[in-house]
Amino acid sequence: MSETRDVALTEEMVRKIVKEEIAHAFKKDPAAKRACIIASKGTLDWAYPPLILATAAAAAGMETAVFFTFYGLNIIHKDFERKLIVSPVANPAMPMPVPMPDLITALPGMQTMATYMMKSMFRKKNVATIKELIDAARESEVRLIACQMTMDVFGYKQEDFIDGVEFGGAAAFLSDARKSHVTLFV
Amino acid sequence: MSETRDVALTEEMVRKIVKEEIAHAFKKDPAAKRACIIASKGTLDWAYPPLILATAAAAAGMETAVFFTFYGLNIIHKDFERKLIVSPVANPAMPMPVPMPDLITALPGMQTMATYMMKSMFRKKNVATIKELIDAARESEVRLIACQMTMDVFGYKQEDFIDGVEFGGAAAFLSDARKSHVTLFV
Amino acid sequence: MSETRDVALTEEMVRKIVKEEIAHAFKKDPAAKRACIIASKGTLDWAYPPLILATAAAAAGMETAVFFTFYGLNIIHKDFERKLIVSPVANPAMPMPVPMPDLITALPGMQTMATYMMKSMFRKKNVATIKELIDAARESEVRLIACQMTMDVFGYKQEDFIDGVEFGGAAAFLSDARKSHVTLFV
């Protein structure tokens, strides 16, 4: 280990050292420490997965960003409590008290009922609310980024969004995502 | 290559060796050998992509896991044959014998008809059934993981699922996904 | 740096060199230069995200491929202008002039109206059309790959698709995706 060592390192010895360091480096691959999630849907049910995954990633020590685009802007809108509803139509996979044809689930009032049902199912099982998940995300330094292009298309202004939201475009998302193993489009 | 070599390695020679080994190591990046897929939807059409991708990844020699969450729990439910149906409503991209307004596709019986149509289209083209894809996944050691949190919310028990299913949370998914290049949310 | 250097490199010196080179190599991780996107949905709204992300990735100098499968085949069909429509049913997140129950949004004519509304919102904000995005993708050498299996299921032929489209399967997608940090299922 010292410069006074008599025997010079051979190529074989050097290759062995290099392989050790590389194996070690891959275990600490910086891409394994980052998660970039796109949230593109704006209903109550699809607001959960990006927030649950983002808070879980942050809890695991990962640098995490969620990019809200298209209908997903609803999730970080100041008025999200009222905007995030759920439609039972065209989702025969949604658990309903009794199976219903789409014509019934399309009746006035059924969105309200499905939204109420989902909220009470989640509350009964002590799942965090969207508000609690957003608070947890902000506390654990998950970056919340609103897509400027779709904000503009839908006529939203920066002040329409909750505190702590950043603003950026697809290029900004990609400059993080290209350094991340976990990249998900929800 | 031997310790008796007369000329000591120079820094230049060492850097050349290191670059060779690194280039070689990146070709064998362990993240390229893993795929982690989330299956979140519970209709017949959206049951196909995660299972087709997972079995293709396993066939390519990748360590593959599918994490079933939210409506995606339907896919590995013991009763999946009856649960996986498809709704033509709100999907104007679904090929139908004639174009139909949503009001018609919402009529009672149309889910049954669309489900029947899709199954027969797939059978006619010799595409594997969901059952065959699940069997292929299990035979090729794809890990099938049910999301405990959503199981609990929807009131499912471990015995409601097919054999070979594991149980875990978002943290378990992320601990695999952070080591994987292929991470997809279906 | 020359072979005439008097002092041989020690193990310590070699490890330092190796760490430098590895840190440098991870900054140029080849997986950070690739993006692989699956486009699986066939409505006007969901045609945008894969094309916007793909053209942004190409603009950032990434090698980019989009794999069109299931309903996503609509996006690269020669007749995409007519095929890409949007349904307001079951998407309470879609901005509408007034909130509507699903039963109203399911009426005949509402898909046409919602498609017209979305196109004019995008045009007013100078967002590129689907045609312009496809042209930009082809000019920036984004690979557009149609999924052969689903082409076959839906009865499409190679000549049904726009110029420049390649044809491949899930295995082809995965052989690119496993070398990419950015992998997204839209």
# chains A, B, ... in the order shown; residues from 1 in each chain; ligands from 1

$ closest_atom_pairs --of "chain B" --to "chain C" --cutoff "7 Å" --atoms "only C-alpha atoms" --output "tab-separated table"
residue	atom	partner	partner_atom	distance
B:Ala8	CA	C:Ala8	CA	5.7
B:Leu9	CA	C:Leu9	CA	6.9
B:Thr10	CA	C:Glu3	CA	6.0
B:Glu11	CA	C:Met1	CA	5.7
B:Glu12	CA	C:Met1	CA	5.8
B:Arg15	CA	C:Ile17	CA	6.9
B:Val18	CA	C:Val18	CA	6.2
B:Ala32	CA	C:Arg178	CA	4.7
B:Leu53	CA	C:Ala170	CA	6.3
B:Ala56	CA	C:Ala171	CA	5.8
B:Ala57	CA	C:Leu174	CA	6.7
B:Ala90	CA	C:Ser87	CA	5.2
B:Asn91	CA	C:Ser87	CA	6.9
B:Pro92	CA	C:Ser87	CA	6.8
B:Ala93	CA	C:Gly42	CA	5.0
B:Met94	CA	C:Tyr71	CA	6.7
B:Pro101	CA	C:Pro108	CA	5.1
B:Asp102	CA	C:Ala106	CA	4.6
B:Leu103	CA	C:Ala106	CA	4.6
B:Met121	CA	C:Val153	CA	6.3
B:Phe122	CA	C:Val153	CA	6.1
B:Lys125	CA	C:Val153	CA	5.8
B:His181	CA	C:His181	CA	5.4
B:Val182	CA	C:Arg178	CA	5.6
B:Thr183	CA	C:Thr183	CA	6.3
B:Leu184	CA	C:Phe185	CA	5.6
B:Phe185	CA	C:Phe185	CA	6.0
B:Val186	CA	C:Phe185	CA	6.2

$ write_last_selection --atoms "N, CA, C and O atoms" --output "compact mmCIF listing (two decimals), in the first residue's frame"
# COMPACT_ATOMS: atom_id res chain seq x y z
N ALA B 8 7.26 -1.68 -14.95
CA ALA B 8 6.08 -1.42 -14.12
C ALA B 8 4.99 -0.77 -14.97
O ALA B 8 5.27 -0.13 -15.97
N LEU B 9 3.71 -0.98 -14.54
CA LEU B 9 2.60 -0.37 -15.25
C LEU B 9 2.61 1.12 -15.01
O LEU B 9 2.78 1.58 -13.88
N THR B 10 2.39 1.89 -16.07
CA THR B 10 2.31 3.35 -15.92
C THR B 10 0.86 3.73 -15.66
O THR B 10 -0.05 2.94 -15.88
N GLU B 11 0.65 4.97 -15.24
CA GLU B 11 -0.71 5.46 -15.03
C GLU B 11 -1.51 5.35 -16.32
O GLU B 11 -2.67 4.94 -16.32
N GLU B 12 -0.89 5.67 -17.42
CA GLU B 12 -1.56 5.59 -18.72
C GLU B 12 -2.06 4.18 -19.00
O GLU B 12 -3.20 3.96 -19.43
N ARG B 15 -4.99 3.41 -16.70
CA ARG B 15 -6.25 4.05 -17.14
C ARG B 15 -6.85 3.29 -18.34
O ARG B 15 -8.06 3.16 -18.46
N VAL B 18 -8.52 0.24 -17.01
CA VAL B 18 -9.73 0.61 -16.29
C VAL B 18 -10.87 0.89 -17.27
O VAL B 18 -11.99 0.40 -17.11
N ALA B 32 -29.77 -4.14 -16.36
CA ALA B 32 -30.29 -4.56 -17.67
C ALA B 32 -30.89 -5.96 -17.63
O ALA B 32 -31.48 -6.42 -18.58
N LEU B 53 -45.59 -8.58 -21.49
CA LEU B 53 -44.26 -8.00 -21.26
C LEU B 53 -43.45 -8.83 -20.26
O LEU B 53 -42.25 -9.05 -20.45
N ALA B 56 -42.30 -12.09 -21.85
CA ALA B 56 -41.25 -11.80 -22.84
C ALA B 56 -39.94 -11.46 -22.14
O ALA B 56 -38.86 -11.88 -22.57
N ALA B 57 -40.00 -10.71 -21.04
CA ALA B 57 -38.79 -10.36 -20.29
C ALA B 57 -38.15 -11.62 -19.70
O ALA B 57 -36.93 -11.81 -19.78
N ALA B 90 -66.46 4.72 -23.52
CA ALA B 90 -65.38 5.68 -23.28
C ALA B 90 -64.07 5.23 -23.87
O ALA B 90 -63.03 5.80 -23.58
N ASN B 91 -64.08 4.18 -24.69
CA ASN B 91 -62.87 3.82 -25.41
C ASN B 91 -63.19 3.77 -26.90
O ASN B 91 -63.37 2.70 -27.48
N PRO B 92 -63.29 4.95 -27.53
CA PRO B 92 -63.62 4.95 -28.96
C PRO B 92 -62.55 4.28 -29.79
O PRO B 92 -62.73 4.06 -30.98
N ALA B 93 -61.41 3.92 -29.16
CA ALA B 93 -60.34 3.25 -29.90
C ALA B 93 -60.57 1.75 -30.00
O ALA B 93 -59.86 1.06 -30.71
N MET B 94 -61.58 1.23 -29.28
CA MET B 94 -61.82 -0.21 -29.33
C MET B 94 -62.48 -0.57 -30.66
O MET B 94 -63.49 0.01 -31.02
N PRO B 101 -72.09 5.42 -30.56
CA PRO B 101 -71.96 6.45 -29.51
C PRO B 101 -71.91 5.78 -28.14
O PRO B 101 -72.35 4.63 -27.99
N ASP B 102 -71.36 6.49 -27.16
CA ASP B 102 -71.22 5.92 -25.82
C ASP B 102 -72.56 5.48 -25.24
O ASP B 102 -72.63 4.53 -24.47
N LEU B 103 -73.65 6.18 -25.62
CA LEU B 103 -74.94 5.82 -25.05
C LEU B 103 -75.34 4.40 -25.44
O LEU B 103 -75.95 3.68 -24.65
N MET B 121 -61.61 -12.61 -30.84
CA MET B 121 -60.55 -12.04 -31.70
C MET B 121 -59.18 -12.61 -31.33
O MET B 121 -58.39 -12.96 -32.18
N PHE B 122 -58.91 -12.66 -30.01
CA PHE B 122 -57.62 -13.15 -29.55
C PHE B 122 -57.46 -14.65 -29.85
O PHE B 122 -56.40 -15.09 -30.28
N LYS B 125 -56.68 -15.44 -33.43
CA LYS B 125 -55.30 -15.12 -33.84
C LYS B 125 -54.28 -15.91 -33.03
O LYS B 125 -53.08 -15.59 -33.04
N HIS B 181 -33.60 -1.51 -15.03
CA HIS B 181 -33.80 -0.53 -16.09
C HIS B 181 -35.27 -0.50 -16.52
O HIS B 181 -35.84 0.57 -16.67
N VAL B 182 -35.85 -1.67 -16.73
CA VAL B 182 -37.24 -1.71 -17.21
C VAL B 182 -38.19 -1.61 -16.02
O VAL B 182 -38.28 -2.54 -15.21
N THR B 183 -38.85 -0.47 -15.89
CA THR B 183 -39.87 -0.27 -14.86
C THR B 183 -41.07 0.34 -15.56
O THR B 183 -40.97 1.40 -16.16
N LEU B 184 -42.20 -0.35 -15.52
CA LEU B 184 -43.38 0.09 -16.28
C LEU B 184 -44.62 0.06 -15.39
O LEU B 184 -44.82 -0.89 -14.63
N PHE B 185 -45.44 1.09 -15.50
CA PHE B 185 -46.72 1.14 -14.78
C PHE B 185 -47.82 0.94 -15.82
O PHE B 185 -48.05 1.81 -16.65
N VAL B 186 -48.45 -0.23 -15.77
CA VAL B 186 -49.52 -0.52 -16.74
C VAL B 186 -50.86 -0.32 -16.06
O VAL B 186 -51.12 -0.94 -15.04

$ select_by_dssp --residues "range 33-175 of chain A" --states "strand (DSSP E)" --output "list in words"
Arg34, Ala35, Cys36, Ile37, Ile38, Ala39, Glu63, Thr64, Ala65, Val66, Phe67, Phe68, Arg143, Leu144, Ile145, Ala146, Cys147, Glu166, Phe167 and Gly168 of chain A

$ atom_distance --atom1 "CA of Leu133 in chain A" --atom2 "CA of Ala58 in chain A"
11.9 Å

$ atom_distance --atom1 "CA of Gly61 in chain B" --atom2 "CA of Ala128 in chain B"
20.2 Å

$ select_by_dssp --residues "chain A" --states "helix (DSSP H, G or I)" --output "compact mmCIF listing (two decimals) with N, CA and C atoms, in the first residue's frame"
# COMPACT_ATOMS: atom_id res chain seq x y z
N GLU A 11 -0.44 -6.25 -14.41
CA GLU A 11 -1.72 -6.00 -15.07
C GLU A 11 -2.80 -6.85 -14.42
N GLU A 12 -2.49 -8.07 -14.12
CA GLU A 12 -3.45 -8.98 -13.50
C GLU A 12 -3.97 -8.41 -12.17
N MET A 13 -3.02 -7.90 -11.37
CA MET A 13 -3.41 -7.33 -10.08
C MET A 13 -4.29 -6.10 -10.30
N VAL A 14 -3.92 -5.29 -11.29
CA VAL A 14 -4.70 -4.08 -11.56
C VAL A 14 -6.12 -4.46 -11.99
N ARG A 15 -6.24 -5.44 -12.90
CA ARG A 15 -7.58 -5.84 -13.35
C ARG A 15 -8.43 -6.34 -12.18
N LYS A 16 -7.80 -7.03 -11.26
CA LYS A 16 -8.54 -7.52 -10.09
C LYS A 16 -9.07 -6.34 -9.26
N ILE A 17 -8.21 -5.37 -9.03
CA ILE A 17 -8.62 -4.17 -8.28
C ILE A 17 -9.78 -3.47 -9.00
N VAL A 18 -9.63 -3.32 -10.31
CA VAL A 18 -10.64 -2.62 -11.11
C VAL A 18 -11.99 -3.33 -10.99
N LYS A 19 -11.99 -4.66 -11.13
CA LYS A 19 -13.25 -5.41 -11.05
C LYS A 19 -13.91 -5.25 -9.68
N GLU A 20 -13.11 -5.28 -8.63
CA GLU A 20 -13.64 -5.06 -7.27
C GLU A 20 -14.33 -3.70 -7.17
N GLU A 21 -13.63 -2.67 -7.65
CA GLU A 21 -14.18 -1.31 -7.53
C GLU A 21 -15.45 -1.16 -8.38
N ILE A 22 -15.45 -1.78 -9.56
CA ILE A 22 -16.63 -1.67 -10.43
C ILE A 22 -17.84 -2.37 -9.79
N ALA A 23 -17.62 -3.58 -9.26
CA ALA A 23 -18.71 -4.32 -8.62
C ALA A 23 -19.29 -3.48 -7.48
N HIS A 24 -18.39 -2.84 -6.73
CA HIS A 24 -18.78 -1.98 -5.62
C HIS A 24 -19.57 -0.76 -6.15
N ALA A 25 -19.07 -0.17 -7.24
CA ALA A 25 -19.70 1.03 -7.80
C ALA A 25 -21.11 0.73 -8.29
N PHE A 26 -21.30 -0.44 -8.94
CA PHE A 26 -22.63 -0.76 -9.45
C PHE A 26 -23.63 -0.94 -8.31
N LYS A 27 -23.14 -1.38 -7.16
CA LYS A 27 -24.05 -1.50 -6.00
C LYS A 27 -24.49 -0.12 -5.54
N PRO A 30 -25.75 5.54 -8.98
CA PRO A 30 -26.58 6.70 -8.59
C PRO A 30 -28.01 6.64 -9.14
N ALA A 31 -28.22 5.94 -10.26
CA ALA A 31 -29.57 5.83 -10.83
C ALA A 31 -30.51 5.06 -9.90
N ALA A 32 -29.94 4.24 -9.01
CA ALA A 32 -30.78 3.47 -8.07
C ALA A 32 -31.32 4.34 -6.95
N LYS A 33 -30.86 5.58 -6.89
CA LYS A 33 -31.27 6.46 -5.79
C LYS A 33 -32.28 7.50 -6.24
N LEU A 44 -59.97 10.47 -8.60
CA LEU A 44 -59.56 10.14 -7.23
C LEU A 44 -58.75 8.86 -7.17
N ASP A 45 -59.22 7.81 -7.86
CA ASP A 45 -58.51 6.52 -7.78
C ASP A 45 -57.07 6.64 -8.33
N TRP A 46 -56.90 7.32 -9.46
CA TRP A 46 -55.57 7.40 -10.07
C TRP A 46 -54.69 8.48 -9.45
N ALA A 47 -55.22 9.24 -8.50
CA ALA A 47 -54.36 10.16 -7.74
C ALA A 47 -53.52 9.39 -6.72
N TYR A 48 -54.02 8.23 -6.28
CA TYR A 48 -53.30 7.47 -5.25
C TYR A 48 -51.96 6.90 -5.71
N PRO A 49 -51.91 6.15 -6.83
CA PRO A 49 -50.64 5.45 -7.13
C PRO A 49 -49.41 6.38 -7.21
N PRO A 50 -49.47 7.53 -7.93
CA PRO A 50 -48.23 8.32 -7.97
C PRO A 50 -47.82 8.84 -6.60
N LEU A 51 -48.79 9.20 -5.75
CA LEU A 51 -48.45 9.75 -4.44
C LEU A 51 -47.96 8.65 -3.50
N ILE A 52 -48.57 7.47 -3.57
CA ILE A 52 -48.11 6.36 -2.71
C ILE A 52 -46.70 5.93 -3.12
N LEU A 53 -46.48 5.80 -4.43
CA LEU A 53 -45.15 5.38 -4.90
C LEU A 53 -44.10 6.44 -4.57
N ALA A 54 -44.46 7.72 -4.73
CA ALA A 54 -43.48 8.79 -4.48
C ALA A 54 -43.12 8.87 -3.00
N THR A 55 -44.11 8.77 -2.13
CA THR A 55 -43.78 8.85 -0.70
C THR A 55 -43.01 7.60 -0.25
N ALA A 56 -43.32 6.44 -0.84
CA ALA A 56 -42.57 5.23 -0.50
C ALA A 56 -41.13 5.35 -1.00
N ALA A 57 -40.93 5.92 -2.18
CA ALA A 57 -39.57 6.09 -2.71
C ALA A 57 -38.78 7.04 -1.81
N ALA A 58 -39.41 8.14 -1.41
CA ALA A 58 -38.73 9.10 -0.54
C ALA A 58 -38.40 8.45 0.80
N ALA A 59 -39.31 7.64 1.32
CA ALA A 59 -39.07 6.94 2.59
C ALA A 59 -37.90 5.98 2.48
N PHE A 70 -51.32 16.89 -17.99
CA PHE A 70 -52.68 16.62 -18.44
C PHE A 70 -53.64 16.61 -17.24
N TYR A 71 -54.53 15.61 -17.18
CA TYR A 71 -55.55 15.60 -16.13
C TYR A 71 -54.93 15.50 -14.74
N GLY A 72 -53.68 15.05 -14.67
CA GLY A 72 -52.98 14.92 -13.39
C GLY A 72 -52.78 16.24 -12.67
N LEU A 73 -52.89 17.35 -13.40
CA LEU A 73 -52.79 18.67 -12.75
C LEU A 73 -53.85 18.84 -11.66
N ASN A 74 -54.97 18.14 -11.82
CA ASN A 74 -56.03 18.17 -10.78
C ASN A 74 -55.50 17.87 -9.38
N ILE A 75 -54.51 16.95 -9.32
CA ILE A 75 -54.07 16.42 -8.03
C ILE A 75 -53.41 17.50 -7.16
N ILE A 76 -52.75 18.46 -7.82
CA ILE A 76 -52.06 19.50 -7.06
C ILE A 76 -52.76 20.86 -7.19
N PHE A 80 -58.25 20.55 -5.13
CA PHE A 80 -58.22 19.12 -5.47
C PHE A 80 -59.30 18.31 -4.76
N GLU A 81 -59.70 18.75 -3.55
CA GLU A 81 -60.71 17.98 -2.81
C GLU A 81 -62.00 17.87 -3.62
N ARG A 82 -62.34 18.92 -4.35
CA ARG A 82 -63.57 18.93 -5.12
C ARG A 82 -63.34 18.35 -6.53
N LYS A 83 -62.12 18.51 -7.05
CA LYS A 83 -61.84 18.09 -8.42
C LYS A 83 -61.63 16.59 -8.56
N ASP A 102 -73.11 -0.34 -17.68
CA ASP A 102 -72.63 1.04 -17.80
C ASP A 102 -73.78 2.04 -17.83
N LEU A 103 -74.96 1.63 -18.38
CA LEU A 103 -76.05 2.58 -18.49
C LEU A 103 -76.50 3.05 -17.10
N ILE A 104 -76.45 2.15 -16.13
CA ILE A 104 -76.84 2.52 -14.77
C ILE A 104 -75.75 3.38 -14.12
N THR A 105 -74.50 2.95 -14.28
CA THR A 105 -73.41 3.71 -13.66
C THR A 105 -73.30 5.10 -14.28
N MET A 110 -74.26 9.08 -9.86
CA MET A 110 -73.43 7.89 -9.65
C MET A 110 -71.96 8.24 -9.44
N GLN A 111 -71.47 9.33 -10.06
CA GLN A 111 -70.10 9.75 -9.79
C GLN A 111 -69.94 10.14 -8.34
N THR A 112 -70.92 10.91 -7.84
CA THR A 112 -70.90 11.32 -6.44
C THR A 112 -70.91 10.10 -5.53
N MET A 113 -71.75 9.11 -5.88
CA MET A 113 -71.85 7.93 -5.04
C MET A 113 -70.54 7.13 -5.06
N ALA A 114 -69.98 6.96 -6.26
CA ALA A 114 -68.74 6.18 -6.38
C ALA A 114 -67.60 6.89 -5.64
N THR A 115 -67.56 8.22 -5.73
CA THR A 115 -66.52 8.99 -5.04
C THR A 115 -66.66 8.83 -3.54
N TYR A 116 -67.92 8.92 -3.06
CA TYR A 116 -68.18 8.77 -1.64
C TYR A 116 -67.77 7.36 -1.18
N MET A 117 -68.17 6.35 -1.96
CA MET A 117 -67.85 4.95 -1.63
C MET A 117 -66.35 4.72 -1.51
N MET A 118 -65.59 5.25 -2.51
CA MET A 118 -64.15 5.03 -2.51
C MET A 118 -63.52 5.73 -1.30
N LYS A 119 -63.93 6.98 -1.03
CA LYS A 119 -63.36 7.68 0.12
C LYS A 119 -63.63 6.92 1.42
N SER A 120 -64.87 6.37 1.55
CA SER A 120 -65.17 5.72 2.82
C SER A 120 -64.46 4.37 2.93
N MET A 121 -64.29 3.65 1.79
CA MET A 121 -63.50 2.41 1.80
C MET A 121 -62.07 2.69 2.27
N PHE A 122 -61.47 3.75 1.74
CA PHE A 122 -60.09 4.08 2.09
C PHE A 122 -59.99 4.52 3.54
N ARG A 123 -60.97 5.32 3.99
CA ARG A 123 -60.93 5.81 5.37
C ARG A 123 -61.06 4.65 6.34
N LYS A 124 -62.00 3.75 6.03
CA LYS A 124 -62.25 2.60 6.90
C LYS A 124 -60.98 1.76 7.07
N ILE A 130 -55.71 11.91 0.16
CA ILE A 130 -54.85 12.59 -0.81
C ILE A 130 -54.14 13.78 -0.14
N LYS A 131 -54.87 14.49 0.69
CA LYS A 131 -54.26 15.62 1.39
C LYS A 131 -53.08 15.16 2.25
N GLU A 132 -53.29 14.07 2.98
CA GLU A 132 -52.21 13.55 3.83
C GLU A 132 -51.01 13.08 3.00
N LEU A 133 -51.30 12.47 1.86
CA LEU A 133 -50.20 11.99 1.00
C LEU A 133 -49.41 13.17 0.41
N ILE A 134 -50.15 14.23 0.02
CA ILE A 134 -49.47 15.41 -0.52
C ILE A 134 -48.60 16.05 0.58
N ASP A 135 -49.15 16.14 1.78
CA ASP A 135 -48.36 16.70 2.89
C ASP A 135 -47.11 15.85 3.16
N ALA A 136 -47.29 14.51 3.15
CA ALA A 136 -46.15 13.61 3.38
C ALA A 136 -45.10 13.78 2.28
N ALA A 137 -45.57 13.95 1.05
CA ALA A 137 -44.64 14.13 -0.08
C ALA A 137 -43.82 15.40 0.13
N ARG A 138 -44.51 16.49 0.50
CA ARG A 138 -43.79 17.75 0.68
C ARG A 138 -42.82 17.67 1.85
N GLU A 139 -43.25 17.01 2.93
CA GLU A 139 -42.36 16.90 4.10
C GLU A 139 -41.13 16.07 3.80
N GLN A 148 -45.90 22.90 -17.47
CA GLN A 148 -46.30 24.22 -17.94
C GLN A 148 -47.15 24.18 -19.21
N MET A 149 -46.81 23.29 -20.15
CA MET A 149 -47.55 23.26 -21.41
C MET A 149 -49.02 22.94 -21.18
N THR A 150 -49.29 21.88 -20.38
CA THR A 150 -50.71 21.53 -20.19
C THR A 150 -51.42 22.53 -19.27
N MET A 151 -50.69 23.17 -18.33
CA MET A 151 -51.29 24.26 -17.54
C MET A 151 -51.85 25.32 -18.49
N ASP A 152 -51.03 25.65 -19.46
CA ASP A 152 -51.38 26.68 -20.42
C ASP A 152 -52.60 26.25 -21.25
N VAL A 153 -52.58 25.00 -21.71
CA VAL A 153 -53.70 24.48 -22.53
C VAL A 153 -55.00 24.51 -21.73
N PHE A 154 -54.95 24.08 -20.47
CA PHE A 154 -56.17 24.01 -19.67
C PHE A 154 -56.51 25.35 -19.01
N GLN A 158 -50.19 29.77 -12.21
CA GLN A 158 -49.35 29.25 -11.12
C GLN A 158 -50.06 29.34 -9.78
N GLU A 159 -50.84 30.43 -9.58
CA GLU A 159 -51.49 30.60 -8.27
C GLU A 159 -52.67 29.64 -8.07
N ASP A 160 -53.02 28.86 -9.10
CA ASP A 160 -54.10 27.87 -8.94
C ASP A 160 -53.60 26.63 -8.19
N ALA A 170 -41.50 19.02 -20.31
CA ALA A 170 -41.09 17.63 -20.55
C ALA A 170 -39.56 17.52 -20.53
N ALA A 171 -38.87 18.57 -21.00
CA ALA A 171 -37.40 18.52 -21.02
C ALA A 171 -36.85 18.43 -19.60
N ALA A 172 -37.45 19.19 -18.68
CA ALA A 172 -37.01 19.15 -17.28
C ALA A 172 -37.26 17.76 -16.68
N PHE A 173 -38.44 17.19 -16.97
CA PHE A 173 -38.73 15.83 -16.49
C PHE A 173 -37.65 14.87 -16.99
N LEU A 174 -37.36 14.93 -18.30
CA LEU A 174 -36.42 13.97 -18.88
C LEU A 174 -35.01 14.14 -18.33
N SER A 175 -34.62 15.37 -17.99
CA SER A 175 -33.24 15.55 -17.51
C SER A 175 -33.06 14.88 -16.15
N ASP A 176 -34.14 14.74 -15.37
CA ASP A 176 -34.08 13.92 -14.15
C ASP A 176 -34.25 12.44 -14.47
N ALA A 177 -35.24 12.13 -15.31
CA ALA A 177 -35.62 10.73 -15.55
C ALA A 177 -34.47 9.94 -16.18
